[in-house]
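J.: First the structure, which I've put down as structure tokens, then a few questions once you've had a look.
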Amino acid sequence: MKVVGARIPRYDGVAHVTGRTTYVDDVRVPGTLWVKALRSPHHHAGITKLDTSKAEAMDGVHAVITWQDVPLLVYGHLSALGIPADEPLLAKDDARYMGQPIALVAAENEDLAAEAVSRIDVEFEERPALTDVRQAFDAGAPEAHHEGNWYKHFEDEMDRRQIRKGDIEWAFDNADTIVQGVYRPAAIEHCPVETQVCQVVPEPSGRLTIYSCTQALYFSMGVVAAHLQVPLNKLKVVGGTTGGGFGGKNDTATETVCSLLAMKSGRPVKWRWTREEEFLCSSTRAPWHMEIADAVTKDGWILGRKMLTLHDAGAYSRFSPYGVTKHSFHHTGAYTIPNLQFDGYVVYTNRVPTTSMRGFGVTSISFAVETHMSRVADVLGIDPYEIRLKNANRIGDTSPNGIVYTDPSTVSTIQVIAESTGHELPAEYRTMTNEPREGEWRPEHLVAQVGNPEEH
Amino acid sequence: MNLTVNGTRHEIESPLLTPLLDVLREELGITGAKAGCHQGGCGACTVLIDGEPRRSCLMPVGYADGGEITTVEGLGTPDDLSRIQQAFIHHYAAQCGYCTSGMLLAGQAYIDRGGTGDEEAIQTALGGHVCRCTGYSKIVEAVAAAARGDSFDVTETAVGKHTTMATGGAE
């Protein structure tokens, strides 16, 4: 083993500290045009007029594109996985979030491109906006999305990610008490120091060279090819150098429009978002609304959990159905609860679409679960370490979606934390292992749910 | 107008009010300074003007006329790394690298002023430099080590030193 445990330096460290790393913004291509966007100034509006002729007529403006220039206008980030597409590359009749791109200009320099954008004749009919997931299901709520206010395409066209496990009614009938909590982590901007940026060069061969800051190169390649309706061999994507991403550069934010502008103008183009655009228009981590009710016994067993999650997708689905699915699989955290009723909705609002960020869907549920575990311990007057160890995942226990754990690390992790923080544990918890449940650690409510790890 | 950048003199054609950052990047093709915000808020565009750290995105090139500019490219080369560059490698102080050139130049200016390994003084010297990746501690450690005059083995990092947990940690 040459690498495991070794203190190897970064492979790109020397280039980073000498200014030799070539980020997308550092690619030098003579004759490059600069791109600026016309974006929706409204959270929700109909677009009643869009005339780009004055911008197109300006000296130094080489291309203007709108929805009419996109070969396949509507394509989804998860279309390749069979998730129905719902987002137009450029807004057509409806602008569903503030900052949504409507038209783009490629011109000799940034100032000229911005001036051309200001000369685009656009008119809006403002509509009521939905900005709070808690109002999405109300009668008379503003309609955020053309399919209604929540996503309806989970398996078998279900309108939510649903988990039913064990006998939830039994759990709540047999509980000594019910502990409830509501958890609402807010949206977070990824805030990479490198804003979204792309450079596209049309090659004499007819191919496009795309310099991208994407975190997901082949994924972005597929999205661009789909919108452009060209085979993948027409695209050469150069990536791998990202000035910070944190999940926010999984979305294909710039590559497709730059490709269209390069094709239309026949010139290299570059689009570098301003810091203001990055904050106002780039996707964020979602705000989540999570409600938990646990059926618990006086001695600290969690018999059952009911949970409702409202995930704020923003105006379009993007990766949200995937995020909510991961979220649902983890909704008991590192603990075993045999009786479950989980409903998770991908809710649309007139906010900027949300996306992956560091543990997509799992960070939110971990925050809620761990806070709730401590709340349960507090209500019952039990040590928060002990309640975690008592309900910890053990070999043979099953996850909410039925995976049998073969080597769960909850017990050893909690023990290390207790030791590191100087928290005294009783001997029965200090010597606990992740071996299959038996004796006092295998009460009646957990007997039925224990699987056989040998079968997996 | 003229600028001396990393020891080389350049006649400048850009208009007087063009941000120095844009002159360096677009007219001269020297790309070490980055456009993180173009508002003076992040520090990624920092260069030294006559030894003083300045935000080149807010500095009209006319104000720097005749000045000696140092960008990250002027601190040292891959074959001849300066002490602070070695410190950043050894202490894993560069992650995505986008803020790094600004951090290095602010750190170098701090050391050139006679700065020590004092953590609070380093934090003040790097104030307003935004890093989204590292959580700053490694950057502060690297500047402190360079200020102390440590020497570094850049084939190995200071972090990741193996520790064994009392319970279950692998050897």
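All residue names refer to the structure tokens as shown: chains lettered A, B, ... in order, residues numbered from 1 in each chain, ligands numbered from 1 in order.
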Excluding Ala121 of chain B and any residue of its chain fewer than 4 positions from it, enumerate the residues within 10 Å of it, using only C-alpha atoms, and give them as a list in words.

T.: Tyr110, Gly115, Thr116, Gly117, Ala125, Leu126, Gly127, Val140 and Ala144 of chain B

J.: How would the residues just picked look written out with N, CA and C atoms as an mmCIF file, in the first residue's frame?

T.:
data_model
loop_
_atom_site.group_PDB
_atom_site.id
_atom_site.type_symbol
_atom_site.label_atom_id
_atom_site.label_comp_id
_atom_site.auth_asym_id
_atom_site.auth_seq_id
_atom_site.Cartn_x
_atom_site.Cartn_y
_atom_site.Cartn_z
ATOM 1 N N TYR B 110 2.418 40.518 4.064
ATOM 2 C CA TYR B 110 2.454 40.462 5.529
ATOM 3 C C TYR B 110 3.854 40.089 6.024
ATOM 4 N N GLY B 115 5.950 40.508 9.403
ATOM 5 C CA GLY B 115 4.935 39.738 10.123
ATOM 6 C C GLY B 115 5.503 38.456 10.712
ATOM 7 N N THR B 116 4.927 38.050 11.844
ATOM 8 C CA THR B 116 5.381 36.838 12.538
ATOM 9 C C THR B 116 4.342 35.727 12.363
ATOM 10 N N GLY B 117 4.538 34.645 13.108
ATOM 11 C CA GLY B 117 3.598 33.535 13.063
ATOM 12 C C GLY B 117 2.351 33.752 13.905
ATOM 13 N N ALA B 125 -4.255 40.238 8.492
ATOM 14 C CA ALA B 125 -3.613 40.485 7.202
ATOM 15 C C ALA B 125 -4.394 39.864 6.047
ATOM 16 N N LEU B 126 -5.071 38.737 6.318
ATOM 17 C CA LEU B 126 -5.836 38.054 5.276
ATOM 18 C C LEU B 126 -7.317 38.445 5.316
ATOM 19 N N GLY B 127 -7.650 39.428 6.146
ATOM 20 C CA GLY B 127 -9.044 39.831 6.292
ATOM 21 C C GLY B 127 -9.635 40.217 4.949
ATOM 22 N N VAL B 140 -3.957 29.885 7.164
ATOM 23 C CA VAL B 140 -3.308 30.612 8.261
ATOM 24 C C VAL B 140 -2.058 29.863 8.727
ATOM 25 N N ALA B 144 1.753 31.275 8.600
ATOM 26 C CA ALA B 144 2.521 31.306 9.853
ATOM 27 C C ALA B 144 3.848 30.567 9.691
#

J.: With only C-alpha atoms counted and 8 Å as the cut-off, give the residues of chain A in contact with chain B, each with its shortest interatomic distance in Å and the pair that gives it, as a Markdown table.

T.:
| residue | atom | partner | partner_atom | distance |
| --- | --- | --- | --- | --- |
| A:Gly5 | CA | B:His162 | CA | 6.2 |
| A:Ala6 | CA | B:Gly160 | CA | 7.7 |
| A:Arg7 | CA | B:Thr157 | CA | 5.3 |
| A:Ile8 | CA | B:Glu156 | CA | 5.2 |
| A:Pro9 | CA | B:Glu156 | CA | 5.3 |
| A:Arg10 | CA | B:Ile89 | CA | 7.4 |
| A:Gly13 | CA | B:Ile89 | CA | 5.7 |
| A:Val14 | CA | B:Pro78 | CA | 6.1 |
| A:Ala15 | CA | B:Pro78 | CA | 7.2 |
| A:His16 | CA | B:Gly97 | CA | 5.2 |
| A:Val17 | CA | B:Gln85 | CA | 5.6 |
| A:Thr18 | CA | B:Glu73 | CA | 5.5 |
| A:Gly19 | CA | B:Gly32 | CA | 4.6 |
| A:Arg20 | CA | B:Gly32 | CA | 7.3 |
| A:Asp26 | CA | B:Thr31 | CA | 5.8 |
| A:Arg28 | CA | B:Gly29 | CA | 7.6 |
| A:Cys191 | CA | B:Arg132 | CA | 7.2 |
| A:Pro192 | CA | B:Arg132 | CA | 6.2 |
| A:Val193 | CA | B:Gly36 | CA | 5.2 |
| A:Glu194 | CA | B:Gly36 | CA | 5.6 |
| A:Thr195 | CA | B:Gly36 | CA | 6.8 |
| A:Thr242 | CA | B:Cys96 | CA | 6.6 |
| A:Gly243 | CA | B:Cys96 | CA | 5.2 |
| A:Gly244 | CA | B:Cys96 | CA | 5.5 |
| A:Thr274 | CA | B:Cys37 | CA | 6.6 |
| A:Arg275 | CA | B:Cys37 | CA | 5.0 |
| A:Ser412 | CA | B:Thr167 | CA | 6.9 |
| A:Gln415 | CA | B:Thr167 | CA | 7.6 |
| A:Val416 | CA | B:Thr167 | CA | 6.2 |

J.: Between B:Tyr63, B:Glu52, B:Glu68, B:Cys45, which has the minimum distance to Arg113 of chain B (counting only C-alpha atoms)?

T.: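 The answer is B:Glu52, which sits nearest to Arg113 of chain B.
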
J.: What is the atom CA of Met59 of chain B-atom CA of Thr22 of chain A distance in Å, reported with one decimal?

T.: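 Atom CA of Thr22 of chain A lies at a distance of 23.9 Å from atom CA of Met59 of chain B.
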
J.: Residues within 10 Å of segment 383-385 of chain A, please, as a PDB file with N, CA and C atoms, in the first residue's frame. Count only C-alpha atoms; anything in the same chain fewer than 4 positions from it doesn't count.

T.:
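Dumped everything to around04.pdb:
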ATOM      1  N   GLY A 300     -36.947   4.436  26.069  1.00  0.00           N
ATOM      2  CA  GLY A 300     -36.083   4.941  25.006  1.00  0.00           C
ATOM      3  C   GLY A 300     -36.077   4.176  23.696  1.00  0.00           C
ATOM      4  N   GLU A 370     -30.814  13.976  13.783  1.00  0.00           N
ATOM      5  CA  GLU A 370     -29.965  14.105  14.979  1.00  0.00           C
ATOM      6  C   GLU A 370     -30.556  15.096  15.983  1.00  0.00           C
ATOM      7  N   MET A 373     -33.388  13.189  17.603  1.00  0.00           N
ATOM      8  CA  MET A 373     -32.938  12.171  18.570  1.00  0.00           C
ATOM      9  C   MET A 373     -32.644  12.826  19.929  1.00  0.00           C
ATOM     10  N   SER A 374     -31.984  13.975  19.868  1.00  0.00           N
ATOM     11  CA  SER A 374     -31.685  14.674  21.115  1.00  0.00           C
ATOM     12  C   SER A 374     -32.964  15.179  21.783  1.00  0.00           C
ATOM     13  N   ARG A 375     -33.916  15.581  20.935  1.00  0.00           N
ATOM     14  CA  ARG A 375     -35.205  16.043  21.488  1.00  0.00           C
ATOM     15  C   ARG A 375     -35.924  14.891  22.197  1.00  0.00           C
ATOM     16  N   VAL A 376     -35.935  13.715  21.559  1.00  0.00           N
ATOM     17  CA  VAL A 376     -36.576  12.545  22.176  1.00  0.00           C
ATOM     18  C   VAL A 376     -35.908  12.228  23.510  1.00  0.00           C
ATOM     19  N   ALA A 377     -34.560  12.250  23.495  1.00  0.00           N
ATOM     20  CA  ALA A 377     -33.819  11.968  24.732  1.00  0.00           C
ATOM     21  C   ALA A 377     -34.192  12.970  25.820  1.00  0.00           C
ATOM     22  N   ASP A 378     -34.298  14.217  25.427  1.00  0.00           N
ATOM     23  CA  ASP A 378     -34.619  15.291  26.373  1.00  0.00           C
ATOM     24  C   ASP A 378     -36.018  15.092  26.958  1.00  0.00           C
ATOM     25  N   LEU A 389     -27.307   4.778  21.058  1.00  0.00           N
ATOM     26  CA  LEU A 389     -26.737   3.424  21.045  1.00  0.00           C
ATOM     27  C   LEU A 389     -27.837   2.365  21.114  1.00  0.00           C
ATOM     28  N   LYS A 390     -28.841   2.655  21.896  1.00  0.00           N
ATOM     29  CA  LYS A 390     -29.938   1.695  22.053  1.00  0.00           C
ATOM     30  C   LYS A 390     -30.618   1.421  20.712  1.00  0.00           C
ATOM     31  N   ILE A 414     -20.544   6.285  17.817  1.00  0.00           N
ATOM     32  CA  ILE A 414     -21.059   6.956  19.026  1.00  0.00           C
ATOM     33  C   ILE A 414     -20.103   6.732  20.206  1.00  0.00           C
ATOM     34  N   GLN A 415     -19.548   5.501  20.275  1.00  0.00           N
ATOM     35  CA  GLN A 415     -18.609   5.228  21.373  1.00  0.00           C
ATOM     36  C   GLN A 415     -17.349   6.108  21.271  1.00  0.00           C
ATOM     37  N   ILE A 417     -17.179   9.037  19.856  1.00  0.00           N
ATOM     38  CA  ILE A 417     -17.556  10.416  20.189  1.00  0.00           C
ATOM     39  C   ILE A 417     -17.631  10.574  21.709  1.00  0.00           C
ATOM     40  N   ALA A 418     -18.238   9.594  22.375  1.00  0.00           N
ATOM     41  CA  ALA A 418     -18.357   9.655  23.836  1.00  0.00           C
ATOM     42  C   ALA A 418     -16.970   9.702  24.476  1.00  0.00           C
ATOM     43  N   HIS A 423     -17.392  11.686  27.719  1.00  0.00           N
ATOM     44  CA  HIS A 423     -18.732  11.350  28.209  1.00  0.00           C
ATOM     45  C   HIS A 423     -18.734   9.917  28.741  1.00  0.00           C
ATOM     46  N   GLU A 424     -19.016   9.751  30.027  1.00  0.00           N
ATOM     47  CA  GLU A 424     -19.011   8.416  30.632  1.00  0.00           C
ATOM     48  C   GLU A 424     -20.218   7.614  30.178  1.00  0.00           C
ATOM     49  N   LEU A 425     -19.960   6.391  29.699  1.00  0.00           N
ATOM     50  CA  LEU A 425     -21.063   5.501  29.320  1.00  0.00           C
ATOM     51  C   LEU A 425     -21.116   4.339  30.302  1.00  0.00           C
ATOM     52  N   TYR A 429     -23.255  -0.083  27.532  1.00  0.00           N
ATOM     53  CA  TYR A 429     -23.138   0.683  26.286  1.00  0.00           C
ATOM     54  C   TYR A 429     -21.680   0.783  25.834  1.00  0.00           C
TER      55      TYR A 429
END

J.: Give me, as a list in words, all polymer residues having an atom no more than 8 Å from Ser40 of chain A, counting only C-alpha atoms and skipping those fewer than 5 positions away in the same chain.

T.: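 Near Ser40 of chain A, the qualifying residues are Ala95, Tyr97, Met98, Gly99, Gln100, Pro101 and Ile102 of chain A.
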
J.: Once DSSP has gone over the backbone, tell me which residues of segment 222-350 of chain A are in strand (DSSP E), as a PyMOL selection string.

T.: chain A and resi 235-238+269-272+284-285+288-296+302-314+339-348

J.: Go through A:Tyr405, A:Phe279, A:Tyr23, A:Tyr211 one by one, measure the shortest atom-to-atom distance of each to Cys198 of chain A using only C-alpha atoms, and give the residue with the smallest value.

T.: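 Nearest to Cys198 of chain A: A:Tyr211.
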
J.: So which residues touch Ala109 of chain B within 8 Å, counting only C-alpha atoms, skipping near sequence neighbours fewer than 2 positions away, as a count of residues only?

T.: 10

J.: Would you please extract all alpha helix (DSSP H) residues from segment 112-214 of chain A, as assigned by DSSP on the backbone, and give them as a ChimeraX atom specification?

T.: /A:112-118,168-173

J.: Go ahead and save the residues from that selection, with N, CA and C atoms, as an mmCIF file, in the first residue's frame.

T.:
data_model
loop_
_atom_site.group_PDB
_atom_site.id
_atom_site.type_symbol
_atom_site.label_atom_id
_atom_site.label_comp_id
_atom_site.auth_asym_id
_atom_site.auth_seq_id
_atom_site.Cartn_x
_atom_site.Cartn_y
_atom_site.Cartn_z
ATOM 1 N N LEU A 112 -20.795 46.188 -24.292
ATOM 2 C CA LEU A 112 -21.648 46.219 -25.477
ATOM 3 C C LEU A 112 -22.746 45.151 -25.379
ATOM 4 N N ALA A 113 -22.374 43.984 -24.880
ATOM 5 C CA ALA A 113 -23.361 42.920 -24.725
ATOM 6 C C ALA A 113 -24.448 43.355 -23.736
ATOM 7 N N ALA A 114 -24.045 44.023 -22.654
ATOM 8 C CA ALA A 114 -25.013 44.493 -21.657
ATOM 9 C C ALA A 114 -25.918 45.577 -22.260
ATOM 10 N N GLU A 115 -25.321 46.448 -23.062
ATOM 11 C CA GLU A 115 -26.116 47.495 -23.718
ATOM 12 C C GLU A 115 -27.145 46.864 -24.667
ATOM 13 N N ALA A 116 -26.720 45.836 -25.397
ATOM 14 C CA ALA A 116 -27.637 45.161 -26.321
ATOM 15 C C ALA A 116 -28.787 44.488 -25.566
ATOM 16 N N VAL A 117 -28.482 43.893 -24.428
ATOM 17 C CA VAL A 117 -29.536 43.263 -23.621
ATOM 18 C C VAL A 117 -30.572 44.306 -23.219
ATOM 19 N N SER A 118 -30.094 45.498 -22.881
ATOM 20 C CA SER A 118 -31.028 46.556 -22.439
ATOM 21 C C SER A 118 -31.924 47.029 -23.586
ATOM 22 N N ILE A 168 -47.327 0.880 11.320
ATOM 23 C CA ILE A 168 -47.216 2.193 11.962
ATOM 24 C C ILE A 168 -48.327 2.414 12.987
ATOM 25 N N GLU A 169 -49.500 1.833 12.711
ATOM 26 C CA GLU A 169 -50.613 2.011 13.663
ATOM 27 C C GLU A 169 -50.290 1.316 14.993
ATOM 28 N N TRP A 170 -49.707 0.117 14.888
ATOM 29 C CA TRP A 170 -49.320 -0.609 16.108
ATOM 30 C C TRP A 170 -48.338 0.231 16.927
ATOM 31 N N ALA A 171 -47.379 0.823 16.234
ATOM 32 C CA ALA A 171 -46.349 1.596 16.932
ATOM 33 C C ALA A 171 -46.961 2.753 17.708
ATOM 34 N N PHE A 172 -47.862 3.491 17.070
ATOM 35 C CA PHE A 172 -48.441 4.658 17.742
ATOM 36 C C PHE A 172 -49.447 4.232 18.817
ATOM 37 N N ASP A 173 -50.119 3.087 18.617
ATOM 38 C CA ASP A 173 -51.037 2.571 19.647
ATOM 39 C C ASP A 173 -50.274 2.132 20.897
#

J.: Kindly give the distance, in Å, that separates atom CA of Leu58 of chain B and atom CA of Glu120 of chain B, rounded to a single decimal.

T.: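 Result for atom CA of Leu58 of chain B versus atom CA of Glu120 of chain B: 26.7 Å, one decimal.
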